[in-house]
>>> print(open('run-v6.cif').read())   # mmCIF, N, CA and C atoms
data_start
loop_
_atom_site.label_atom_id
_atom_site.label_comp_id
_atom_site.auth_asym_id
_atom_site.auth_seq_id
_atom_site.Cartn_x
_atom_site.Cartn_y
_atom_site.Cartn_z
N MET Q 1 35.81 0.79 22.57
CA MET Q 1 34.80 0.18 23.39
C MET Q 1 33.55 -0.06 22.56
N ARG Q 2 32.99 -1.24 22.67
CA ARG Q 2 31.83 -1.57 21.86
C ARG Q 2 30.72 -2.12 22.76
N THR Q 3 29.50 -1.58 22.59
CA THR Q 3 28.35 -2.08 23.34
C THR Q 3 27.43 -2.83 22.39
N ASN Q 4 26.34 -3.32 22.88
CA ASN Q 4 25.41 -4.08 22.04
C ASN Q 4 24.63 -3.21 21.07
N THR Q 5 24.41 -1.96 21.40
CA THR Q 5 23.55 -1.12 20.58
C THR Q 5 24.30 -0.04 19.81
N ALA Q 6 25.49 0.33 20.23
CA ALA Q 6 26.21 1.40 19.56
C ALA Q 6 27.70 1.23 19.76
N ILE Q 7 28.45 2.06 19.07
CA ILE Q 7 29.91 2.05 19.18
C ILE Q 7 30.37 3.40 19.73
N ILE Q 8 31.26 3.36 20.70
CA ILE Q 8 31.86 4.58 21.24
C ILE Q 8 33.28 4.63 20.70
N ASP Q 9 33.61 5.70 20.02
CA ASP Q 9 34.94 5.79 19.41
C ASP Q 9 35.99 6.19 20.45
N ASP Q 10 37.24 6.40 19.96
CA ASP Q 10 38.35 6.69 20.88
C ASP Q 10 38.24 8.06 21.52
N GLN Q 11 37.44 8.97 20.98
CA GLN Q 11 37.25 10.29 21.58
C GLN Q 11 36.09 10.30 22.57
N GLY Q 12 35.41 9.16 22.73
CA GLY Q 12 34.30 9.07 23.67
C GLY Q 12 32.96 9.47 23.10
N LYS Q 13 32.92 9.67 21.77
CA LYS Q 13 31.67 10.06 21.12
C LYS Q 13 30.86 8.81 20.77
N LEU Q 14 29.57 8.91 20.92
CA LEU Q 14 28.67 7.80 20.64
C LEU Q 14 28.27 7.80 19.17
N ASN Q 15 28.41 6.67 18.52
CA ASN Q 15 28.04 6.53 17.11
C ASN Q 15 26.90 5.52 17.02
N ASN Q 16 25.67 6.03 16.94
CA ASN Q 16 24.49 5.17 16.88
C ASN Q 16 24.33 4.48 15.53
N PHE Q 17 24.96 4.99 14.49
CA PHE Q 17 24.75 4.48 13.16
C PHE Q 17 25.84 3.49 12.72
N ALA Q 18 26.64 3.04 13.63
CA ALA Q 18 27.72 2.15 13.28
C ALA Q 18 27.24 0.73 13.01
N LEU Q 19 26.20 0.29 13.70
CA LEU Q 19 25.69 -1.06 13.51
C LEU Q 19 24.49 -1.02 12.57
N GLU Q 20 24.47 -1.94 11.62
CA GLU Q 20 23.35 -1.99 10.69
C GLU Q 20 22.15 -2.65 11.34
N PRO Q 21 20.94 -2.20 10.99
CA PRO Q 21 19.76 -2.84 11.56
C PRO Q 21 19.57 -4.24 10.98
N ARG Q 22 18.85 -5.06 11.68
CA ARG Q 22 18.59 -6.42 11.24
C ARG Q 22 17.65 -6.40 10.04
N VAL Q 23 17.98 -7.12 9.01
CA VAL Q 23 17.18 -7.17 7.79
C VAL Q 23 16.17 -8.29 7.93
N TYR Q 24 14.91 -7.98 7.60
CA TYR Q 24 13.87 -9.01 7.67
C TYR Q 24 12.92 -8.84 6.49
N ILE Q 25 12.17 -9.86 6.19
CA ILE Q 25 11.20 -9.84 5.10
C ILE Q 25 9.82 -9.66 5.71
N ASP Q 26 9.09 -8.67 5.21
CA ASP Q 26 7.75 -8.40 5.70
C ASP Q 26 6.78 -9.36 5.04
N GLU Q 27 6.22 -10.27 5.81
CA GLU Q 27 5.31 -11.28 5.25
C GLU Q 27 3.95 -10.70 4.91
N GLN Q 28 3.56 -9.58 5.51
CA GLN Q 28 2.26 -8.99 5.24
C GLN Q 28 2.28 -8.07 4.03
N GLY Q 29 3.43 -7.82 3.44
CA GLY Q 29 3.54 -6.88 2.34
C GLY Q 29 3.13 -7.43 0.99
N ASP Q 30 2.61 -8.67 0.93
CA ASP Q 30 2.29 -9.26 -0.37
C ASP Q 30 0.94 -8.80 -0.90
N ARG Q 31 0.23 -7.91 -0.22
CA ARG Q 31 -1.06 -7.45 -0.70
C ARG Q 31 -0.99 -6.01 -1.23
N THR Q 32 0.19 -5.48 -1.44
CA THR Q 32 0.34 -4.14 -1.98
C THR Q 32 1.17 -4.20 -3.25
N GLY Q 33 1.03 -3.20 -4.09
CA GLY Q 33 1.79 -3.16 -5.33
C GLY Q 33 1.13 -3.94 -6.43
N PHE Q 34 1.87 -4.27 -7.46
CA PHE Q 34 1.34 -4.99 -8.62
C PHE Q 34 1.41 -6.49 -8.37
N THR Q 35 0.51 -6.99 -7.57
CA THR Q 35 0.45 -8.41 -7.29
C THR Q 35 -0.80 -8.99 -7.92
N SER Q 36 -0.90 -10.29 -7.94
CA SER Q 36 -2.09 -10.92 -8.53
C SER Q 36 -3.34 -10.60 -7.71
N TYR Q 37 -3.20 -10.48 -6.39
CA TYR Q 37 -4.35 -10.12 -5.55
C TYR Q 37 -4.84 -8.71 -5.89
N ALA Q 38 -3.93 -7.76 -6.05
CA ALA Q 38 -4.31 -6.39 -6.37
C ALA Q 38 -4.99 -6.31 -7.73
N GLU Q 39 -4.49 -7.08 -8.69
CA GLU Q 39 -5.10 -7.07 -10.02
C GLU Q 39 -6.49 -7.70 -10.00
N LEU Q 40 -6.66 -8.76 -9.22
CA LEU Q 40 -7.99 -9.37 -9.09
C LEU Q 40 -8.97 -8.40 -8.45
N LEU Q 41 -8.55 -7.73 -7.39
CA LEU Q 41 -9.42 -6.77 -6.72
C LEU Q 41 -9.77 -5.61 -7.64
N ASN Q 42 -8.80 -5.11 -8.39
CA ASN Q 42 -9.04 -4.02 -9.31
C ASN Q 42 -10.04 -4.42 -10.39
N GLY Q 43 -9.91 -5.63 -10.92
CA GLY Q 43 -10.84 -6.10 -11.94
C GLY Q 43 -12.24 -6.26 -11.41
N ARG Q 44 -12.36 -6.79 -10.19
CA ARG Q 44 -13.69 -6.98 -9.60
C ARG Q 44 -14.37 -5.64 -9.32
N LEU Q 45 -13.60 -4.68 -8.81
CA LEU Q 45 -14.19 -3.36 -8.56
C LEU Q 45 -14.58 -2.66 -9.87
N ALA Q 46 -13.81 -2.87 -10.92
CA ALA Q 46 -14.17 -2.29 -12.22
C ALA Q 46 -15.45 -2.92 -12.76
N MET Q 47 -15.62 -4.23 -12.58
CA MET Q 47 -16.86 -4.89 -13.02
C MET Q 47 -18.06 -4.38 -12.24
N ILE Q 48 -17.90 -4.19 -10.93
CA ILE Q 48 -18.99 -3.67 -10.11
C ILE Q 48 -19.37 -2.26 -10.56
N GLY Q 49 -18.37 -1.44 -10.84
CA GLY Q 49 -18.65 -0.08 -11.30
C GLY Q 49 -19.33 -0.05 -12.65
N PHE Q 50 -18.90 -0.91 -13.56
CA PHE Q 50 -19.51 -0.96 -14.89
C PHE Q 50 -20.97 -1.41 -14.81
N VAL Q 51 -21.24 -2.45 -14.04
CA VAL Q 51 -22.61 -2.94 -13.90
C VAL Q 51 -23.48 -1.91 -13.20
N SER Q 52 -22.96 -1.19 -12.23
CA SER Q 52 -23.76 -0.17 -11.55
C SER Q 52 -24.07 1.00 -12.48
N LEU Q 53 -23.16 1.35 -13.37
CA LEU Q 53 -23.46 2.41 -14.34
C LEU Q 53 -24.52 1.97 -15.34
N ILE Q 54 -24.50 0.71 -15.76
CA ILE Q 54 -25.54 0.20 -16.65
C ILE Q 54 -26.88 0.19 -15.92
N ALA Q 55 -26.90 -0.23 -14.66
CA ALA Q 55 -28.14 -0.24 -13.88
C ALA Q 55 -28.67 1.17 -13.69
N LEU Q 56 -27.79 2.14 -13.46
CA LEU Q 56 -28.21 3.53 -13.32
C LEU Q 56 -28.87 4.03 -14.59
N GLU Q 57 -28.31 3.69 -15.73
CA GLU Q 57 -28.89 4.14 -16.99
C GLU Q 57 -30.22 3.45 -17.27
N VAL Q 58 -30.35 2.18 -16.92
CA VAL Q 58 -31.60 1.46 -17.15
C VAL Q 58 -32.71 2.03 -16.26
N PHE Q 59 -32.41 2.28 -14.99
CA PHE Q 59 -33.45 2.73 -14.06
C PHE Q 59 -33.82 4.19 -14.23
N THR Q 60 -32.88 5.06 -14.61
CA THR Q 60 -33.18 6.49 -14.71
C THR Q 60 -33.42 6.93 -16.14
N GLY Q 61 -32.92 6.21 -17.10
CA GLY Q 61 -33.07 6.63 -18.49
C GLY Q 61 -32.01 7.61 -18.94
N HIS Q 62 -31.14 8.00 -18.05
CA HIS Q 62 -30.04 8.92 -18.37
C HIS Q 62 -28.72 8.25 -18.00
N GLY Q 63 -27.66 8.71 -18.63
CA GLY Q 63 -26.32 8.25 -18.26
C GLY Q 63 -25.84 8.98 -17.03
N ILE Q 64 -24.60 8.76 -16.67
CA ILE Q 64 -24.04 9.40 -15.47
C ILE Q 64 -23.96 10.91 -15.63
N ILE Q 65 -23.68 11.38 -16.84
CA ILE Q 65 -23.61 12.83 -17.08
C ILE Q 65 -24.99 13.46 -16.92
N GLY Q 66 -26.02 12.80 -17.43
CA GLY Q 66 -27.38 13.31 -17.30
C GLY Q 66 -27.85 13.33 -15.86
N VAL Q 67 -27.50 12.33 -15.10
CA VAL Q 67 -27.89 12.31 -13.68
C VAL Q 67 -27.17 13.41 -12.91
N LEU Q 68 -25.89 13.59 -13.18
CA LEU Q 68 -25.15 14.65 -12.50
C LEU Q 68 -25.62 16.04 -12.92
N ALA Q 69 -26.07 16.20 -14.17
CA ALA Q 69 -26.54 17.49 -14.64
C ALA Q 69 -27.88 17.85 -14.00
N ASN Q 70 -28.70 16.87 -13.65
CA ASN Q 70 -30.01 17.13 -13.06
C ASN Q 70 -29.95 17.39 -11.56
N LEU Q 71 -28.80 17.22 -10.94
CA LEU Q 71 -28.69 17.48 -9.50
C LEU Q 71 -28.70 18.92 -9.25
#
>>> encode(input="run-v6.cif", output="structure tokens")
Amino acid sequence: MRTNTAIIDDQGKLNNFALEPRVYIDEQGDRTGFTSYAELLNGRLAMIGFVSLIALEVFTGHGIIGVLANL
């Protein structure tokens, strides 16, 4: 006997894993992993961090280690 969601064998036991799930492609998954978008975002965040460290040193006269040591 076979139903739409599962298979019942000859002993009357229900086998939920007999039918494979439908395979689909996740269209929203293109923004994770090593993609061009992720690399662009990583580069932009690195540039922002580098410029902010230079600005910190110009305004305080100390590097990041000196600022953290004075806290």
>>> atom_distance(input="run-v6.cif", atom1="atom N of Ile64 (chain Q)", atom2="atom N of Gly49 (chain Q)")
13.3 Å
>>> atom_distance(input="run-v6.cif", atom1="atom N of Thr35 (chain Q)", atom2="CA of Pro21 (chain Q)")
27.5 Å
>>> atom_distance(input="run-v6.cif", atom1="CA of Val67 (chain Q)", atom2="CA of Leu53 (chain Q)")
10.9 Å
>>> decode(input="run-v6.cif", residues="region 42-69 of chain Q", atoms="N, CA, C and O atoms", output="compact mmCIF listing (two decimals), in the first residue's frame")
# COMPACT_ATOMS: atom_id res chain seq x y z
N ASN Q 42 33.91 42.24 2.21
CA ASN Q 42 35.09 42.05 3.05
C ASN Q 42 36.13 43.12 2.75
O ASN Q 42 36.74 43.69 3.67
N GLY Q 43 36.36 43.43 1.48
CA GLY Q 43 37.33 44.45 1.12
C GLY Q 43 36.92 45.83 1.59
O GLY Q 43 37.73 46.62 2.08
N ARG Q 44 35.63 46.14 1.46
CA ARG Q 44 35.14 47.45 1.90
C ARG Q 44 35.25 47.61 3.41
O ARG Q 44 35.64 48.67 3.92
N LEU Q 45 34.91 46.56 4.15
CA LEU Q 45 35.04 46.63 5.61
C LEU Q 45 36.50 46.74 6.04
O LEU Q 45 36.81 47.43 7.01
N ALA Q 46 37.39 46.08 5.32
CA ALA Q 46 38.82 46.19 5.64
C ALA Q 46 39.32 47.61 5.38
O ALA Q 46 40.11 48.15 6.17
N MET Q 47 38.86 48.24 4.30
CA MET Q 47 39.26 49.62 4.02
C MET Q 47 38.74 50.58 5.09
O MET Q 47 39.46 51.49 5.52
N ILE Q 48 37.50 50.37 5.54
CA ILE Q 48 36.94 51.22 6.59
C ILE Q 48 37.74 51.05 7.88
O ILE Q 48 38.05 52.03 8.56
N GLY Q 49 38.10 49.82 8.21
CA GLY Q 49 38.90 49.59 9.42
C GLY Q 49 40.28 50.20 9.34
O GLY Q 49 40.77 50.79 10.31
N PHE Q 50 40.91 50.10 8.18
CA PHE Q 50 42.25 50.67 8.01
C PHE Q 50 42.22 52.19 8.12
O PHE Q 50 43.04 52.80 8.81
N VAL Q 51 41.25 52.83 7.48
CA VAL Q 51 41.14 54.29 7.53
C VAL Q 51 40.79 54.74 8.95
O VAL Q 51 41.32 55.76 9.43
N SER Q 52 39.96 54.00 9.66
CA SER Q 52 39.63 54.40 11.03
C SER Q 52 40.83 54.25 11.96
O SER Q 52 41.00 55.06 12.88
N LEU Q 53 41.68 53.26 11.74
CA LEU Q 53 42.89 53.15 12.56
C LEU Q 53 43.86 54.29 12.28
O LEU Q 53 44.51 54.81 13.19
N ILE Q 54 43.98 54.71 11.02
CA ILE Q 54 44.83 55.86 10.69
C ILE Q 54 44.25 57.12 11.33
O ILE Q 54 45.00 57.94 11.90
N ALA Q 55 42.93 57.31 11.27
CA ALA Q 55 42.31 58.48 11.89
C ALA Q 55 42.50 58.47 13.40
O ALA Q 55 42.75 59.52 14.01
N LEU Q 56 42.42 57.30 14.02
CA LEU Q 56 42.65 57.19 15.46
C LEU Q 56 44.05 57.62 15.82
O LEU Q 56 44.26 58.37 16.78
N GLU Q 57 45.02 57.21 15.03
CA GLU Q 57 46.40 57.57 15.32
C GLU Q 57 46.65 59.06 15.08
O GLU Q 57 47.39 59.69 15.83
N VAL Q 58 46.03 59.64 14.07
CA VAL Q 58 46.22 61.06 13.79
C VAL Q 58 45.59 61.91 14.91
O VAL Q 58 46.21 62.87 15.38
N PHE Q 59 44.40 61.55 15.36
CA PHE Q 59 43.71 62.37 16.35
C PHE Q 59 44.24 62.18 17.76
O PHE Q 59 44.25 63.13 18.55
N THR Q 60 44.72 60.99 18.13
CA THR Q 60 45.18 60.76 19.50
C THR Q 60 46.69 60.81 19.62
O THR Q 60 47.20 61.02 20.71
N GLY Q 61 47.40 60.59 18.56
CA GLY Q 61 48.86 60.57 18.63
C GLY Q 61 49.41 59.21 19.04
O GLY Q 61 50.62 59.04 19.15
N HIS Q 62 48.56 58.27 19.32
CA HIS Q 62 48.96 56.91 19.69
C HIS Q 62 48.32 55.93 18.72
O HIS Q 62 47.29 56.20 18.14
N GLY Q 63 48.93 54.77 18.62
CA GLY Q 63 48.33 53.69 17.83
C GLY Q 63 47.26 52.98 18.64
O GLY Q 63 46.90 53.39 19.75
N ILE Q 64 46.73 51.91 18.10
CA ILE Q 64 45.67 51.18 18.79
C ILE Q 64 46.17 50.56 20.09
O ILE Q 64 45.45 50.50 21.09
N ILE Q 65 47.42 50.11 20.11
CA ILE Q 65 47.98 49.53 21.34
C ILE Q 65 48.11 50.59 22.42
O ILE Q 65 47.80 50.35 23.59
N GLY Q 66 48.56 51.78 22.05
CA GLY Q 66 48.68 52.87 23.01
C GLY Q 66 47.34 53.31 23.56
O GLY Q 66 47.22 53.62 24.76
N VAL Q 67 46.34 53.36 22.73
CA VAL Q 67 45.00 53.75 23.20
C VAL Q 67 44.44 52.69 24.14
O VAL Q 67 43.87 53.01 25.19
N LEU Q 68 44.61 51.42 23.80
CA LEU Q 68 44.12 50.36 24.67
C LEU Q 68 44.90 50.30 25.98
O LEU Q 68 44.35 49.93 27.02
N ALA Q 69 46.19 50.64 25.96
CA ALA Q 69 47.00 50.61 27.18
C ALA Q 69 46.59 51.74 28.12
O ALA Q 69 46.74 51.61 29.35
